[in-house]
Amino acid sequence: MTNSPEYIPGLAGVPAARTSVCYLDGEIGKLQYRGYPIEALSEHCTFEEVSYLLLYGALPTRDELKGFEDALKNERAVDAPLFALLRTLPTDGHPMDALMASVAALGMFYPGDHVTDRDYRFSTAIRLIAKMPTIVAAWHRIRRGEELISPKRELSHAANFLYMLEGNVPSKTAERVFDVALTLHAEHSMNASTFSGRVTGSTLANPHAAIAAAVGTLSGSLHGGANERVLVMLREIEDGSVEGTRRWAEDRLSRKEKIMGFGHREYKVKDPRAVILQKLAVSLFEEMGPTPIYDTALALESAMEDLVGAKGIYPNVDFYSGIVYERLGIPVDLFTPIFAISRVSGWLAHLLEQLEDNRIFRPNQIWTGEADRALVPIDQRG
Ligand code: ACO
């Protein structure tokens, strides 16, 4: 009998790296970026500060932050040939696919030696964080046959993205809520897309290829794609009353169907990001008016706590993010690209860390096939 290693589906619980980017304890709902609690970061910092922290490992001074914000602003514009490339894509394609293609293409516009040139690595990181929002907003306008809106230098990263979508400068509340949503999604330890980016980076593929791989991985409905599915699902619940929603959930669970926005590989309690987002959603509704879907969401959360809370299935970050984005007037299929424009900071922090002490990923496998088969030439096969 061979002594084969144990197979762990989904590599659950298998450490894939030594890292100092993000600390996560899902048993008690503790999430920290570079050692700072997510609650403090979302209350006191902007997305730009958080991105600096993720990339450089320390919070910036005022001067350092100003330099970083200026560097991002200098990189917001996207080269015309990239827009020309976007214009060749089918307008009914998913924006995540357009984003993945564009990020991969950026590698051709900005070649460099990231293996030996650390400055190129960091300037590429800043370029990707700056340009991805411009690409997402541009694709949205291109597919609708609209004129592109150039970035506005005086606006923050969050406000500028909302501005580039429709040409309206958001209110201070809308800007703040969106900025915090970006912070909350910026990093989350060794999730599938981060792992995928690190694997691609470990081959010394260029950083654009690693981030394009991460974007593709995020697009799946079990990962980033869940946020748009949550909203579609909430809209499907015809009777959004407490009883009606409970009946809907019971019916779905009895058919062994997953309920989007619930459950997490790591968290066995309510995702701390969902707690923060929910409070922000309320502040947004106070300014912009309520949304009926929020009441359905509350009814669903309470029904699910009763039905599957004992199994550790609680709302994850995606449960409330879609409701917030909908209230901000953002189309549903841009929810996952918005996740990507935020998570890119975390992906890059991991990629930079990987490259500092790299070894190519090459896991093992458990063989389940036949061996030593006799090859029958094609004319003799029955
Ligand atoms: N609805 C109903 N039941 C669920 C749910 C859910 N959302 N999530 C897990 N369960 C149940 C499973 O049916 C399973 O039950 P069983 O033991 O009786 O068979 C048990 O909980 C364990 O579920 P797994 O799928 O094995 O858990 P895993 O850790 O592999 O998956 C995942 C985690 C993919 C997030 C899962 O909870 C899920 O599919 N959720 C819905 C999609 C979603 O919201 N994804 C976003 C995740 S957060 C993010 O990516 C930002």
# chains A, B, ... in the order shown; residues from 1 in each chain; ligands from 1
$ closest_atom_pairs --of "range 245-332 of chain A" --to "range 336-343 of chain A" --cutoff "12 Å" --atoms "only C-alpha atoms" --output "tab-separated table"
residue	atom	partner	partner_atom	distance
A:Val317	CA	A:Phe339	CA	10.6
A:Asp318	CA	A:Phe339	CA	9.6
A:Ser321	CA	A:Phe339	CA	9.4
A:Gly322	CA	A:Thr336	CA	9.4
A:Tyr325	CA	A:Ile338	CA	9.3
A:Ile330	CA	A:Ile338	CA	9.7
A:Pro331	CA	A:Thr336	CA	10.5
A:Val332	CA	A:Thr336	CA	8.4
$ write_last_selection --atoms "N, CA, C and O atoms" --output "compact mmCIF listing (two decimals), in the first residue's frame"
# COMPACT_ATOMS: atom_id res chain seq x y z
N VAL A 317 -19.88 39.47 2.99
CA VAL A 317 -19.78 40.87 2.54
C VAL A 317 -20.70 41.16 1.36
O VAL A 317 -21.22 42.25 1.20
N ASP A 318 -20.92 40.12 0.53
CA ASP A 318 -21.70 40.35 -0.69
C ASP A 318 -23.17 40.57 -0.42
O ASP A 318 -23.90 41.05 -1.29
N SER A 321 -23.46 44.46 -0.03
CA SER A 321 -22.78 45.35 -0.98
C SER A 321 -23.67 45.65 -2.19
O SER A 321 -23.76 46.80 -2.64
N GLY A 322 -24.38 44.61 -2.68
CA GLY A 322 -25.23 44.82 -3.85
C GLY A 322 -26.34 45.82 -3.57
O GLY A 322 -26.69 46.66 -4.42
N TYR A 325 -24.79 49.26 -3.69
CA TYR A 325 -24.47 49.69 -5.06
C TYR A 325 -25.75 50.01 -5.84
O TYR A 325 -25.78 50.94 -6.64
N ILE A 330 -25.83 52.00 -9.45
CA ILE A 330 -24.85 51.26 -10.25
C ILE A 330 -25.52 50.01 -10.84
O ILE A 330 -26.18 49.26 -10.12
N PRO A 331 -25.35 49.75 -12.15
CA PRO A 331 -25.95 48.56 -12.75
C PRO A 331 -25.39 47.27 -12.15
O PRO A 331 -24.21 47.19 -11.80
N VAL A 332 -26.27 46.26 -12.05
CA VAL A 332 -25.92 45.02 -11.35
C VAL A 332 -24.65 44.35 -11.90
O VAL A 332 -23.82 43.86 -11.14
$ residues_near_ligand --ligand "ligand 1" --cutoff "8 Å" --atoms "only C-alpha atoms and all ligand atoms" --output "MDAnalysis selection string"
chainID A and resid 10 12 185 191 218 221:227 230 253 256:266 308 311:313 315:319
$ write_last_selection --atoms "C-alpha atoms" --output "short mmCIF file (atom, residue, chain, number, x, y, z; two decimals), in the first residue's frame"
data_model
loop_
_atom_site.label_atom_id
_atom_site.label_comp_id
_atom_site.auth_asym_id
_atom_site.auth_seq_id
_atom_site.Cartn_x
_atom_site.Cartn_y
_atom_site.Cartn_z
CA GLY A 10 -10.49 22.98 -2.21
CA ALA A 12 -9.33 23.99 2.73
CA HIS A 185 -13.31 44.63 -0.33
CA ASN A 191 -9.02 33.56 -1.16
CA LEU A 218 -12.97 36.59 -9.05
CA SER A 221 -20.46 33.02 -8.85
CA LEU A 222 -18.99 31.28 -5.80
CA HIS A 223 -16.53 34.16 -5.34
CA GLY A 224 -16.89 37.80 -6.47
CA GLY A 225 -19.75 37.02 -8.82
CA ALA A 226 -21.99 36.35 -5.82
CA ASN A 227 -22.70 40.06 -5.20
CA VAL A 230 -27.60 38.38 -4.41
CA LEU A 253 -32.91 25.05 1.27
CA LYS A 256 -30.37 21.96 -1.42
CA GLU A 257 -29.88 25.23 -3.28
CA LYS A 258 -27.33 27.72 -2.00
CA ILE A 259 -28.59 31.12 -0.94
CA MET A 260 -26.31 33.78 -2.37
CA GLY A 261 -24.58 36.15 0.04
CA PHE A 262 -24.55 33.59 2.85
CA GLY A 263 -21.79 31.30 4.03
CA HIS A 264 -18.05 31.64 3.89
CA ARG A 265 -15.16 29.22 3.93
CA GLU A 266 -13.57 31.18 6.80
CA VAL A 308 -29.00 27.49 9.23
CA LYS A 311 -24.27 25.52 10.87
CA GLY A 312 -22.30 28.80 10.96
CA ILE A 313 -23.93 30.18 7.81
CA PRO A 315 -24.32 36.91 5.68
CA ASN A 316 -21.01 37.53 3.95
CA VAL A 317 -19.78 40.87 2.54
CA ASP A 318 -21.70 40.35 -0.69
CA PHE A 319 -25.06 40.27 1.00
#
$ atom_distance --atom1 "CA of Gly167 in chain A" --atom2 "CA of Leu128 in chain A"
22.3 Å
$ residues_around --residues "Tyr267 in chain A" --least-positions-apart "5" --cutoff "8 Å" --atoms "only C-alpha atoms" --output "PyMOL selection string"
chain A and resi 25-29+312
$ write_last_selection --atoms "C-alpha atoms" --output "PDB file, in the first residue's frame"
ATOM      1  CA  ASP A  25      -9.984  34.716  12.335  1.00  0.00           C
ATOM      2  CA  GLY A  26     -13.323  33.503  10.998  1.00  0.00           C
ATOM      3  CA  GLU A  27     -14.390  31.918  14.290  1.00  0.00           C
ATOM      4  CA  ILE A  28     -14.753  35.321  15.944  1.00  0.00           C
ATOM      5  CA  GLY A  29     -15.095  37.513  12.831  1.00  0.00           C
ATOM      6  CA  GLY A 312     -22.303  28.797  10.958  1.00  0.00           C
TER       7      GLY A 312
END
$ residues_around --residues "Val242 in chain A" --least-positions-apart "4" --cutoff "8 Å" --atoms "only C-alpha atoms" --output "ChimeraX atom specification"
/A:246,296,299-300,303
$ closest_residue --among "A:Arg153, A:Lys131, A:Lys279, A:Arg143" --to "Pro95 in chain A" --atoms "only C-alpha atoms"
A:Arg143
$ select_by_dssp --residues "range 15-160 of chain A" --states "helix (DSSP H, G or I)" --output "tab-separated table (two decimals) with N, CA and C atoms, in the first residue's frame"
chain	number	residue	atom	x	y	z
A	38	ILE	N	-10.25	46.05	10.64
A	38	ILE	CA	-11.04	46.58	9.52
A	38	ILE	C	-12.00	47.67	10.00
A	39	GLU	N	-12.48	47.54	11.25
A	39	GLU	CA	-13.42	48.54	11.77
A	39	GLU	C	-12.73	49.90	11.84
A	40	ALA	N	-11.45	49.94	12.32
A	40	ALA	CA	-10.72	51.20	12.45
A	40	ALA	C	-10.36	51.75	11.07
A	41	LEU	N	-9.94	50.86	10.18
A	41	LEU	CA	-9.56	51.32	8.83
A	41	LEU	C	-10.75	51.93	8.11
A	42	SER	N	-11.91	51.26	8.22
A	42	SER	CA	-13.07	51.77	7.48
A	42	SER	C	-13.60	53.06	8.11
A	43	GLU	N	-13.35	53.25	9.39
A	43	GLU	CA	-13.83	54.48	10.03
A	43	GLU	C	-12.90	55.67	9.78
A	44	HIS	N	-11.58	55.42	9.77
A	44	HIS	CA	-10.65	56.55	9.78
A	44	HIS	C	-9.88	56.76	8.47
A	47	PHE	N	-9.79	54.84	0.91
A	47	PHE	CA	-9.31	53.70	0.14
A	47	PHE	C	-7.85	53.92	-0.30
A	48	GLU	N	-7.49	55.16	-0.60
A	48	GLU	CA	-6.11	55.44	-1.03
A	48	GLU	C	-5.13	55.11	0.12
A	49	GLU	N	-5.50	55.52	1.35
A	49	GLU	CA	-4.63	55.22	2.51
A	49	GLU	C	-4.49	53.71	2.71
A	50	VAL	N	-5.63	53.02	2.57
A	50	VAL	CA	-5.64	51.57	2.77
A	50	VAL	C	-4.80	50.88	1.69
A	51	SER	N	-4.89	51.37	0.47
A	51	SER	CA	-4.09	50.78	-0.61
A	51	SER	C	-2.60	50.99	-0.34
A	52	TYR	N	-2.25	52.18	0.14
A	52	TYR	CA	-0.85	52.45	0.49
A	52	TYR	C	-0.40	51.46	1.56
A	53	LEU	N	-1.24	51.31	2.59
A	53	LEU	CA	-0.92	50.39	3.69
A	53	LEU	C	-0.69	48.97	3.15
A	54	LEU	N	-1.57	48.54	2.26
A	54	LEU	CA	-1.45	47.17	1.74
A	54	LEU	C	-0.16	47.01	0.94
A	55	LEU	N	0.15	48.01	0.10
A	55	LEU	CA	1.33	47.88	-0.77
A	55	LEU	C	2.63	48.02	0.01
A	56	TYR	N	2.68	49.02	0.92
A	56	TYR	CA	3.97	49.34	1.57
A	56	TYR	C	4.07	48.79	2.99
A	62	ARG	N	1.02	62.28	6.10
A	62	ARG	CA	0.25	63.15	5.19
A	62	ARG	C	0.98	63.35	3.86
A	63	ASP	N	2.31	63.60	3.95
A	63	ASP	CA	3.08	63.84	2.71
A	63	ASP	C	3.12	62.59	1.84
A	64	GLU	N	3.31	61.46	2.49
A	64	GLU	CA	3.36	60.20	1.71
A	64	GLU	C	2.01	59.93	1.03
A	65	LEU	N	0.94	60.23	1.76
A	65	LEU	CA	-0.39	59.99	1.17
A	65	LEU	C	-0.61	60.93	-0.02
A	66	LYS	N	-0.19	62.19	0.15
A	66	LYS	CA	-0.37	63.16	-0.95
A	66	LYS	C	0.41	62.68	-2.19
A	67	GLY	N	1.63	62.20	-1.97
A	67	GLY	CA	2.44	61.70	-3.09
A	67	GLY	C	1.77	60.50	-3.75
A	68	PHE	N	1.18	59.62	-2.94
A	68	PHE	CA	0.54	58.41	-3.48
A	68	PHE	C	-0.73	58.79	-4.24
A	69	GLU	N	-1.52	59.71	-3.66
A	69	GLU	CA	-2.76	60.14	-4.35
A	69	GLU	C	-2.40	60.79	-5.69
A	70	ASP	N	-1.33	61.63	-5.68
A	70	ASP	CA	-0.94	62.29	-6.94
A	70	ASP	C	-0.49	61.25	-7.97
A	71	ALA	N	0.26	60.26	-7.50
A	71	ALA	CA	0.73	59.21	-8.43
A	71	ALA	C	-0.45	58.48	-9.04
A	72	LEU	N	-1.47	58.20	-8.22
A	72	LEU	CA	-2.67	57.53	-8.74
A	72	LEU	C	-3.38	58.44	-9.76
A	73	LYS	N	-3.52	59.72	-9.41
A	73	LYS	CA	-4.22	60.64	-10.32
A	73	LYS	C	-3.49	60.76	-11.65
A	74	ASN	N	-2.15	60.76	-11.59
A	74	ASN	CA	-1.36	60.86	-12.82
A	74	ASN	C	-1.57	59.66	-13.74
A	80	ALA	N	-5.53	55.69	-25.62
A	80	ALA	CA	-6.59	55.55	-26.63
A	80	ALA	C	-6.63	54.16	-27.28
A	81	PRO	N	-5.47	53.53	-27.59
A	81	PRO	CA	-5.54	52.20	-28.22
A	81	PRO	C	-6.27	51.18	-27.35
A	82	LEU	N	-6.21	51.35	-26.03
A	82	LEU	CA	-6.91	50.40	-25.17
A	82	LEU	C	-8.43	50.60	-25.30
A	83	PHE	N	-8.84	51.86	-25.42
A	83	PHE	CA	-10.27	52.10	-25.65
A	83	PHE	C	-10.68	51.51	-27.01
A	84	ALA	N	-9.76	51.64	-27.99
A	84	ALA	CA	-10.06	51.08	-29.32
A	84	ALA	C	-10.26	49.57	-29.19
A	85	LEU	N	-9.44	48.95	-28.36
A	85	LEU	CA	-9.58	47.50	-28.14
A	85	LEU	C	-10.94	47.19	-27.51
A	86	LEU	N	-11.33	47.97	-26.51
A	86	LEU	CA	-12.63	47.75	-25.86
A	86	LEU	C	-13.78	47.87	-26.87
A	87	ARG	N	-13.61	48.80	-27.83
A	87	ARG	CA	-14.69	49.02	-28.81
A	87	ARG	C	-14.86	47.83	-29.75
A	95	PRO	N	-18.92	42.63	-18.21
A	95	PRO	CA	-17.85	43.60	-17.92
A	95	PRO	C	-16.61	42.98	-17.26
A	96	MET	N	-16.77	41.86	-16.55
A	96	MET	CA	-15.57	41.22	-15.96
A	96	MET	C	-14.66	40.68	-17.06
A	97	ASP	N	-15.27	40.19	-18.15
A	97	ASP	CA	-14.44	39.68	-19.24
A	97	ASP	C	-13.73	40.84	-19.95
A	98	ALA	N	-14.45	41.96	-20.09
A	98	ALA	CA	-13.82	43.14	-20.70
A	98	ALA	C	-12.66	43.62	-19.83
A	99	LEU	N	-12.86	43.58	-18.51
A	99	LEU	CA	-11.81	44.03	-17.60
A	99	LEU	C	-10.60	43.09	-17.64
A	100	MET	N	-10.89	41.78	-17.65
A	100	MET	CA	-9.78	40.81	-17.68
A	100	MET	C	-8.95	41.00	-18.96
A	101	ALA	N	-9.64	41.17	-20.10
A	101	ALA	CA	-8.93	41.35	-21.38
A	101	ALA	C	-8.11	42.64	-21.35
A	102	SER	N	-8.67	43.71	-20.79
A	102	SER	CA	-7.97	45.00	-20.78
A	102	SER	C	-6.74	44.97	-19.88
A	103	VAL	N	-6.88	44.32	-18.71
A	103	VAL	CA	-5.74	44.26	-17.78
A	103	VAL	C	-4.61	43.46	-18.44
A	104	ALA	N	-4.98	42.35	-19.10
A	104	ALA	CA	-3.95	41.55	-19.78
A	104	ALA	C	-3.28	42.39	-20.86
A	105	ALA	N	-4.10	43.17	-21.59
A	105	ALA	CA	-3.54	44.00	-22.68
A	105	ALA	C	-2.62	45.10	-22.15
A	106	LEU	N	-2.89	45.60	-20.92
A	106	LEU	CA	-2.03	46.65	-20.37
A	106	LEU	C	-0.57	46.22	-20.32
A	107	GLY	N	-0.35	44.90	-20.14
A	107	GLY	CA	1.01	44.38	-20.11
A	107	GLY	C	1.77	44.69	-21.38
A	108	MET	N	1.04	44.80	-22.51
A	108	MET	CA	1.70	45.10	-23.78
A	108	MET	C	2.01	46.59	-23.90
A	109	PHE	N	1.20	47.42	-23.23
A	109	PHE	CA	1.44	48.86	-23.28
A	109	PHE	C	2.56	49.30	-22.33
A	118	ARG	N	12.53	46.62	-8.94
A	118	ARG	CA	11.51	46.77	-7.90
A	118	ARG	C	10.66	48.04	-8.15
A	119	ASP	N	11.30	49.09	-8.69
A	119	ASP	CA	10.54	50.33	-8.95
A	119	ASP	C	9.46	50.08	-9.98
A	120	TYR	N	9.78	49.27	-11.00
A	120	TYR	CA	8.79	48.95	-12.02
A	120	TYR	C	7.61	48.20	-11.40
A	121	ARG	N	7.93	47.30	-10.45
A	121	ARG	CA	6.86	46.54	-9.78
A	121	ARG	C	5.89	47.49	-9.09
A	122	PHE	N	6.45	48.46	-8.33
A	122	PHE	CA	5.57	49.38	-7.60
A	122	PHE	C	4.85	50.34	-8.55
A	123	SER	N	5.55	50.82	-9.60
A	123	SER	CA	4.86	51.74	-10.51
A	123	SER	C	3.76	50.99	-11.27
A	124	THR	N	3.96	49.71	-11.54
A	124	THR	CA	2.91	48.92	-12.19
A	124	THR	C	1.72	48.77	-11.25
A	125	ALA	N	2.02	48.58	-9.97
A	125	ALA	CA	0.93	48.44	-8.98
A	125	ALA	C	0.08	49.71	-8.97
A	126	ILE	N	0.73	50.85	-8.91
A	126	ILE	CA	-0.01	52.13	-8.87
A	126	ILE	C	-0.82	52.29	-10.17
A	127	ARG	N	-0.21	51.95	-11.28
A	127	ARG	CA	-0.90	52.08	-12.58
A	127	ARG	C	-2.16	51.20	-12.62
A	128	LEU	N	-2.04	50.00	-12.13
A	128	LEU	CA	-3.21	49.10	-12.16
A	128	LEU	C	-4.34	49.61	-11.25
A	129	ILE	N	-3.99	50.05	-10.04
A	129	ILE	CA	-5.03	50.55	-9.13
A	129	ILE	C	-5.70	51.77	-9.77
A	130	ALA	N	-4.90	52.62	-10.42
A	130	ALA	CA	-5.44	53.86	-10.99
A	130	ALA	C	-6.28	53.61	-12.24
A	131	LYS	N	-5.82	52.71	-13.09
A	131	LYS	CA	-6.48	52.58	-14.42
A	131	LYS	C	-7.69	51.64	-14.42
A	132	MET	N	-7.72	50.69	-13.51
A	132	MET	CA	-8.84	49.73	-13.58
A	132	MET	C	-10.21	50.40	-13.45
A	133	PRO	N	-10.38	51.38	-12.54
A	133	PRO	CA	-11.69	52.06	-12.49
A	133	PRO	C	-12.03	52.78	-13.80
A	134	THR	N	-11.02	53.38	-14.42
A	134	THR	CA	-11.26	54.09	-15.69
A	134	THR	C	-11.72	53.10	-16.76
A	135	ILE	N	-11.11	51.92	-16.76
A	135	ILE	CA	-11.47	50.90	-17.76
A	135	ILE	C	-12.91	50.43	-17.53
A	136	VAL	N	-13.27	50.17	-16.26
A	136	VAL	CA	-14.63	49.68	-15.97
A	136	VAL	C	-15.67	50.73	-16.38
A	137	ALA	N	-15.41	51.99	-16.01
A	137	ALA	CA	-16.37	53.05	-16.36
A	137	ALA	C	-16.43	53.23	-17.88
A	138	ALA	N	-15.27	53.18	-18.53
A	138	ALA	CA	-15.24	53.38	-19.99
A	138	ALA	C	-16.01	52.26	-20.69
A	139	TRP	N	-15.81	51.02	-20.26
A	139	TRP	CA	-16.51	49.90	-20.90
A	139	TRP	C	-18.02	50.07	-20.76
A	140	HIS	N	-18.43	50.52	-19.57
A	140	HIS	CA	-19.86	50.70	-19.35
A	140	HIS	C	-20.43	51.73	-20.34
A	141	ARG	N	-19.69	52.79	-20.60
A	141	ARG	CA	-20.19	53.81	-21.52
A	141	ARG	C	-20.07	53.35	-22.97
A	142	ILE	N	-18.98	52.66	-23.28
A	142	ILE	CA	-18.79	52.18	-24.66
A	142	ILE	C	-19.93	51.23	-25.05
A	143	ARG	N	-20.29	50.33	-24.15
A	143	ARG	CA	-21.32	49.34	-24.49
A	143	ARG	C	-22.68	50.00	-24.67
A	157	HIS	N	-10.46	58.85	-5.34
A	157	HIS	CA	-10.55	57.61	-6.12
A	157	HIS	C	-12.02	57.15	-6.21
A	158	ALA	N	-12.70	57.14	-5.05
A	158	ALA	CA	-14.10	56.67	-5.01
A	158	ALA	C	-15.02	57.60	-5.80
A	159	ALA	N	-14.93	58.89	-5.52
A	159	ALA	CA	-15.83	59.85	-6.18
A	159	ALA	C	-15.57	59.89	-7.67
A	160	ASN	N	-14.30	59.79	-8.06
A	160	ASN	CA	-13.97	59.86	-9.48
A	160	ASN	C	-14.57	58.69	-10.25
$ residues_around --residues "range 32-36 of chain A" --least-positions-apart "5" --cutoff "7 Å" --atoms "only C-alpha atoms" --output "ChimeraX atom specification"
/A:20-24,41,54,57
$ write_last_selection --atoms "N, CA, C and O atoms" --output "PDB file, in the first residue's frame"
ATOM      1  N   SER A  20       2.189  38.607   5.623  1.00  0.00           N
ATOM      2  CA  SER A  20       1.887  39.608   6.658  1.00  0.00           C
ATOM      3  C   SER A  20       0.886  40.624   6.115  1.00  0.00           C
ATOM      4  O   SER A  20       0.814  41.753   6.584  1.00  0.00           O
ATOM      5  N   VAL A  21       0.127  40.231   5.084  1.00  0.00           N
ATOM      6  CA  VAL A  21      -0.799  41.199   4.470  1.00  0.00           C
ATOM      7  C   VAL A  21      -2.109  41.280   5.246  1.00  0.00           C
ATOM      8  O   VAL A  21      -2.577  42.370   5.573  1.00  0.00           O
ATOM      9  N   CYS A  22      -2.713  40.131   5.541  1.00  0.00           N
ATOM     10  CA  CYS A  22      -4.069  40.158   6.106  1.00  0.00           C
ATOM     11  C   CYS A  22      -4.229  39.070   7.155  1.00  0.00           C
ATOM     12  O   CYS A  22      -3.884  37.915   6.901  1.00  0.00           O
ATOM     13  N   TYR A  23      -4.765  39.448   8.317  1.00  0.00           N
ATOM     14  CA  TYR A  23      -5.024  38.473   9.373  1.00  0.00           C
ATOM     15  C   TYR A  23      -6.528  38.246   9.448  1.00  0.00           C
ATOM     16  O   TYR A  23      -7.309  39.202   9.466  1.00  0.00           O
ATOM     17  N   LEU A  24      -6.918  36.983   9.510  1.00  0.00           N
ATOM     18  CA  LEU A  24      -8.342  36.664   9.505  1.00  0.00           C
ATOM     19  C   LEU A  24      -8.607  35.534  10.489  1.00  0.00           C
ATOM     20  O   LEU A  24      -7.968  34.484  10.427  1.00  0.00           O
ATOM     21  N   LEU A  41      -9.935  50.860  10.177  1.00  0.00           N
ATOM     22  CA  LEU A  41      -9.558  51.324   8.829  1.00  0.00           C
ATOM     23  C   LEU A  41     -10.752  51.932   8.112  1.00  0.00           C
ATOM     24  O   LEU A  41     -10.639  52.986   7.468  1.00  0.00           O
ATOM     25  N   LEU A  54      -1.572  48.537   2.264  1.00  0.00           N
ATOM     26  CA  LEU A  54      -1.446  47.169   1.742  1.00  0.00           C
ATOM     27  C   LEU A  54      -0.157  47.009   0.937  1.00  0.00           C
ATOM     28  O   LEU A  54       0.563  46.026   1.095  1.00  0.00           O
ATOM     29  N   GLY A  57       2.984  48.294   3.555  1.00  0.00           N
ATOM     30  CA  GLY A  57       3.057  47.662   4.878  1.00  0.00           C
ATOM     31  C   GLY A  57       2.911  48.608   6.046  1.00  0.00           C
ATOM     32  O   GLY A  57       2.892  48.179   7.193  1.00  0.00           O
TER      33      GLY A  57
END
$ closest_residue --among "A:Leu284, A:Ile237, A:Met164, A:Met190" --to "Thr19 in chain A" --atoms "only C-alpha atoms"
A:Met190
$ residues_around --residues "range 196-204 of chain A" --least-positions-apart "6" --cutoff "8 Å" --atoms "only C-alpha atoms" --output "PyMOL selection string"
chain A and resi 115+210-214+217+347+350-351+354-355+358-361
$ write_last_selection --atoms "N, CA and C atoms" --output "mmCIF file, in the first residue's frame"
data_model
loop_
_atom_site.group_PDB
_atom_site.id
_atom_site.type_symbol
_atom_site.label_atom_id
_atom_site.label_comp_id
_atom_site.auth_asym_id
_atom_site.auth_seq_id
_atom_site.Cartn_x
_atom_site.Cartn_y
_atom_site.Cartn_z
ATOM 1 N N VAL A 115 11.107 41.526 -12.593
ATOM 2 C CA VAL A 115 11.842 40.553 -11.797
ATOM 3 C C VAL A 115 13.016 41.222 -11.086
ATOM 4 N N ALA A 210 -0.683 38.388 -13.874
ATOM 5 C CA ALA A 210 -1.121 37.885 -12.563
ATOM 6 C C ALA A 210 -2.452 38.531 -12.172
ATOM 7 N N ILE A 211 -2.597 39.822 -12.427
ATOM 8 C CA ILE A 211 -3.846 40.497 -12.030
ATOM 9 C C ILE A 211 -4.988 40.082 -12.975
ATOM 10 N N ALA A 212 -4.684 39.879 -14.254
ATOM 11 C CA ALA A 212 -5.727 39.404 -15.177
ATOM 12 C C ALA A 212 -6.231 38.024 -14.728
ATOM 13 N N ALA A 213 -5.318 37.169 -14.270
ATOM 14 C CA ALA A 213 -5.720 35.842 -13.775
ATOM 15 C C ALA A 213 -6.613 35.993 -12.547
ATOM 16 N N ALA A 214 -6.248 36.920 -11.672
ATOM 17 C CA ALA A 214 -7.046 37.136 -10.456
ATOM 18 C C ALA A 214 -8.436 37.671 -10.811
ATOM 19 N N THR A 217 -10.535 34.830 -11.957
ATOM 20 C CA THR A 217 -10.913 33.959 -10.838
ATOM 21 C C THR A 217 -12.015 34.594 -10.010
ATOM 22 N N TRP A 347 -4.563 42.115 -4.099
ATOM 23 C CA TRP A 347 -3.854 41.194 -5.006
ATOM 24 C C TRP A 347 -2.409 41.636 -5.193
ATOM 25 N N HIS A 350 -0.147 41.015 -2.230
ATOM 26 C CA HIS A 350 0.264 39.603 -2.197
ATOM 27 C C HIS A 350 1.300 39.304 -3.275
ATOM 28 N N LEU A 351 1.097 39.896 -4.447
ATOM 29 C CA LEU A 351 2.037 39.640 -5.546
ATOM 30 C C LEU A 351 3.426 40.179 -5.185
ATOM 31 N N GLN A 354 4.926 37.894 -2.717
ATOM 32 C CA GLN A 354 5.333 36.643 -3.366
ATOM 33 C C GLN A 354 6.684 36.819 -4.074
ATOM 34 N N LEU A 355 6.821 37.960 -4.772
ATOM 35 C CA LEU A 355 8.036 38.171 -5.566
ATOM 36 C C LEU A 355 9.264 38.436 -4.684
ATOM 37 N N ASN A 358 10.210 34.341 -3.717
ATOM 38 C CA ASN A 358 9.404 33.505 -4.613
ATOM 39 C C ASN A 358 9.878 32.061 -4.727
ATOM 40 N N ARG A 359 8.897 31.174 -4.757
ATOM 41 C CA ARG A 359 9.146 29.807 -5.230
ATOM 42 C C ARG A 359 7.926 29.414 -6.055
ATOM 43 N N ILE A 360 8.146 28.888 -7.252
ATOM 44 C CA ILE A 360 7.017 28.572 -8.126
ATOM 45 C C ILE A 360 6.076 27.574 -7.428
ATOM 46 N N PHE A 361 4.753 27.822 -7.543
ATOM 47 C CA PHE A 361 3.769 26.889 -6.970
ATOM 48 C C PHE A 361 3.734 25.623 -7.810
#
$ atom_distance --atom1 "CA of Gln278 in chain A" --atom2 "CA of Val324 in chain A"
8.4 Å
$ atom_distance --atom1 "CA of Asp333 in chain A" --atom2 "CA of Glu228 in chain A"
6.3 Å
$ residues_around --residues "Ile366 in chain A" --least-positions-apart "5" --cutoff "10 Å" --atoms "only C-alpha atoms" --output "list in words"
Ser4, Pro5, Glu6 and Tyr7 of chain A
$ closest_residue --among "A:Val180, A:Ala249, A:Phe161, A:Gly112" --to "Asp306 in chain A" --atoms "only C-alpha atoms"
A:Ala249
$ closest_residue --among "A:Arg273, A:His208, A:Arg362, A:Lys268" --to "Glu305 in chain A" --atoms "only C-alpha atoms"
A:Lys268
$ closest_residue --among "A:Asn168, A:Thr61, A:Thr91, A:Thr194" --to "Ser345 in chain A" --atoms "only C-alpha atoms"
A:Thr194
$ closest_residue --among "A:Met288, A:Ala58, A:Ala192, A:Ala186" --to "Lys172 in chain A" --atoms "only C-alpha atoms"
A:Met288
